[in-house]
Amino acid sequence: MEAVTYEQRDVRRARYAVAAVFAVHGAVTGSFATRVPWIQDHAGVSAGQLGLALAFPALGASLAMPLAGRISHTFGARNALRGLIALWTLSLTLPALSPNLLALCLALFTYGATAGMADVAMNALGVEVENRLGRSIMSGLHGMWSAGALVGSAAGTLAAHLGSDARLHHLLAAAVLTVLGVGACSWVLDLQPAEDEETPPRFALPPKSALLIGAVGFCAVFAEGASLDWSAVYLRDRLETSAGLAAACTTGFTLTMAVARIAGDRVVDRFGSVRTVRAGGVLAVLGGLLVVCAGHPALAMTGFALMGLGIAVVVPLCFAAAGRSGPNPSQAIAGVATITYTSGLVAPSAIGGLAQATSLVVSFGLVTLLACGLVAFAGVLRAGDSSRPTVSRPKDAAVPGPRS
């Protein structure tokens, strides 16, 4: 009984440690996003060149994510996450140091590659903690990411308001976040591969199960990316609101997602992954219809809030389902992460292109149509339901298949 009690305490501590890592990861993203205008001016790039450079983080992440499983197999899950989160936090300093377009593209490629590998590693460890606890925690972990991003954004907004040099701001932020992230990794689960386990390939196509799960994540992230980047433009251009009210719509969407993710685990534990995503899909579709049909800003803002509420827990549940979908959780999680990152990259430009050819109403009609996919295909997340009993293992036992 004492051994079981000790392990449960160890797993609970690991949960808080992984949550801290998620918050640190989000804080890096928030810190970077607020200083993009300063970075653009420092590098001397045009709006079009900046758009090109901002495609490189997703490119770097997509290419590097499959390496996370190999790194974890070689160094163990804890050491791998410790190293990858340090690389990610320190990479925050690179974009602000870039003097031209080429340097900026290389810096953002590195920034995205380290972000993607750390993302896979921390999600895989989150899935393992969820397995051992026997209840949903992934939505809350992603809520911590959103909270970290909000804190990083707030600090970045203050730094920009004070006119501080982004190089100094990001150096200080990277130093603080590195200490916090590396420190938190000391208490995550230290998973090691079994002695007879095959070394994962450096690069491998995601399994079929990950493709199906990733397709659900694609729909949710497409709606998220479209709403984040275009909701303010929609209110300003379509409904002729003030810039302040348009910005408030985007802020409301972000806050709705963060709150829904933090509270989402209780809903998932009660109703399961499939029913939660289907219900969320219905809310997202209703929100999309409100946006498309809105003749008043209040209706459109309500629609965007409903979309945020509906899609908030989908990506965390996709990672949870991927982690339980086959014999190689790392490869499955990397596959889902790659698909969702691609969706986040494609969505803003696809919405803009379709709006240019038709209108923003038609663009958000496409978003609404994709939200229907959450209702139709939620069943592929059945492996993500965490209703099964907790599996207890000896503390130092080897775990078949490292989870990151």
# chains A, B, ... in the order shown; residues from 1 in each chain; ligands from 1
$ residues_around --residues "Thr29 in chain A" --least-positions-apart "3" --cutoff "12 Å" --atoms "only C-alpha atoms" --output "ChimeraX atom specification"
/A:22-26,32-36,57,88-89,91-93,108,111-112,114-116,119,145-156,170,173-174,177
$ closest_atom_pairs --of "range 257-335 of chain A" --to "range 373-379 of chain A" --cutoff "7 Å" --atoms "only C-alpha atoms" --output "CSV"
residue,atom,partner,partner_atom,distance
A:Val274,CA,A:Ala378,CA,5.3
A:Val277,CA,A:Ala378,CA,6.0
A:Arg278,CA,A:Val375,CA,4.4
A:Gly281,CA,A:Leu374,CA,4.9
A:Val282,CA,A:Val375,CA,6.6
$ atom_distance --atom1 "CA of Cys293 in chain A" --atom2 "CA of Thr251 in chain A"
21.4 Å
$ closest_residue --among "A:Leu369, A:Ala347, A:Ala337, A:Leu90" --to "Gly287 in chain A" --atoms "only C-alpha atoms"
A:Leu369
$ atom_distance --atom1 "CA of Val346 in chain A" --atom2 "CA of Leu286 in chain A"
23.2 Å
$ select_by_dssp --residues "range 133-376 of chain A" --states "helix (DSSP H, G or I)" --output "MDAnalysis selection string"
chainID A and resid 133 138:161 166:187 208:238 243:271 273:293 297:311 314:323 329:357 360:376
$ decode --residues "range 104-128 of chain A" --atoms "N, CA, C and O atoms" --output "short mmCIF file (atom, residue, chain, number, x, y, z; two decimals), in the first residue's frame"
data_model
loop_
_atom_site.label_atom_id
_atom_site.label_comp_id
_atom_site.auth_asym_id
_atom_site.auth_seq_id
_atom_site.Cartn_x
_atom_site.Cartn_y
_atom_site.Cartn_z
N LEU A 104 16.31 35.97 -40.62
CA LEU A 104 15.03 35.84 -39.94
C LEU A 104 14.37 34.50 -40.28
O LEU A 104 13.83 33.82 -39.39
N CYS A 105 14.43 34.10 -41.54
CA CYS A 105 13.86 32.82 -41.94
C CYS A 105 14.56 31.66 -41.24
O CYS A 105 13.91 30.72 -40.76
N LEU A 106 15.88 31.71 -41.17
CA LEU A 106 16.63 30.65 -40.49
C LEU A 106 16.32 30.63 -39.00
O LEU A 106 16.17 29.56 -38.39
N ALA A 107 16.23 31.82 -38.40
CA ALA A 107 15.91 31.91 -36.97
C ALA A 107 14.52 31.34 -36.69
O ALA A 107 14.33 30.59 -35.72
N LEU A 108 13.55 31.68 -37.53
CA LEU A 108 12.19 31.20 -37.31
C LEU A 108 12.06 29.71 -37.62
O LEU A 108 11.23 29.02 -37.01
N PHE A 109 12.87 29.20 -38.54
CA PHE A 109 12.88 27.75 -38.79
C PHE A 109 13.36 27.02 -37.53
O PHE A 109 12.76 26.02 -37.10
N THR A 110 14.44 27.52 -36.92
CA THR A 110 14.95 26.92 -35.68
C THR A 110 13.94 27.06 -34.55
O THR A 110 13.72 26.11 -33.78
N TYR A 111 13.34 28.23 -34.46
CA TYR A 111 12.31 28.50 -33.45
C TYR A 111 11.17 27.49 -33.57
O TYR A 111 10.72 26.89 -32.59
N GLY A 112 10.71 27.25 -34.80
CA GLY A 112 9.61 26.30 -35.02
C GLY A 112 10.02 24.86 -34.78
O GLY A 112 9.25 24.07 -34.22
N ALA A 113 11.25 24.50 -35.19
CA ALA A 113 11.71 23.11 -35.00
C ALA A 113 11.78 22.76 -33.52
O ALA A 113 11.33 21.68 -33.09
N THR A 114 12.36 23.64 -32.71
CA THR A 114 12.46 23.36 -31.28
C THR A 114 11.09 23.39 -30.62
O THR A 114 10.81 22.59 -29.72
N ALA A 115 10.20 24.28 -31.09
CA ALA A 115 8.83 24.32 -30.56
C ALA A 115 8.12 23.01 -30.81
O ALA A 115 7.45 22.46 -29.93
N GLY A 116 8.23 22.50 -32.03
CA GLY A 116 7.53 21.27 -32.41
C GLY A 116 8.01 20.06 -31.63
O GLY A 116 7.20 19.24 -31.16
N MET A 117 9.32 19.91 -31.48
CA MET A 117 9.85 18.75 -30.75
C MET A 117 9.47 18.81 -29.27
O MET A 117 9.07 17.80 -28.68
N ALA A 118 9.56 20.00 -28.67
CA ALA A 118 9.14 20.14 -27.27
C ALA A 118 7.65 19.88 -27.13
O ALA A 118 7.20 19.28 -26.13
N ASP A 119 6.87 20.30 -28.10
CA ASP A 119 5.43 20.10 -28.09
C ASP A 119 5.09 18.61 -28.05
O ASP A 119 4.26 18.16 -27.25
N VAL A 120 5.72 17.83 -28.92
CA VAL A 120 5.47 16.39 -28.95
C VAL A 120 5.87 15.75 -27.63
O VAL A 120 5.14 14.93 -27.06
N ALA A 121 7.04 16.12 -27.11
CA ALA A 121 7.55 15.51 -25.87
C ALA A 121 6.64 15.80 -24.68
O ALA A 121 6.31 14.92 -23.90
N MET A 122 6.18 17.04 -24.56
CA MET A 122 5.37 17.38 -23.38
C MET A 122 3.96 16.80 -23.51
O MET A 122 3.35 16.38 -22.50
N ASN A 123 3.41 16.73 -24.72
CA ASN A 123 2.09 16.12 -24.89
C ASN A 123 2.14 14.63 -24.62
O ASN A 123 1.21 14.07 -24.02
N ALA A 124 3.22 13.97 -25.03
CA ALA A 124 3.34 12.54 -24.78
C ALA A 124 3.43 12.24 -23.29
O ALA A 124 2.81 11.31 -22.78
N LEU A 125 4.19 13.05 -22.56
CA LEU A 125 4.27 12.87 -21.12
C LEU A 125 2.94 13.20 -20.45
O LEU A 125 2.55 12.56 -19.46
N GLY A 126 2.22 14.19 -20.98
CA GLY A 126 0.90 14.49 -20.46
C GLY A 126 -0.06 13.32 -20.63
O GLY A 126 -0.84 13.00 -19.72
N VAL A 127 0.00 12.65 -21.79
CA VAL A 127 -0.85 11.48 -22.03
C VAL A 127 -0.50 10.37 -21.04
O VAL A 127 -1.39 9.69 -20.50
N GLU A 128 0.79 10.15 -20.78
CA GLU A 128 1.18 9.11 -19.83
C GLU A 128 0.68 9.40 -18.42
O GLU A 128 0.20 8.52 -17.71
#
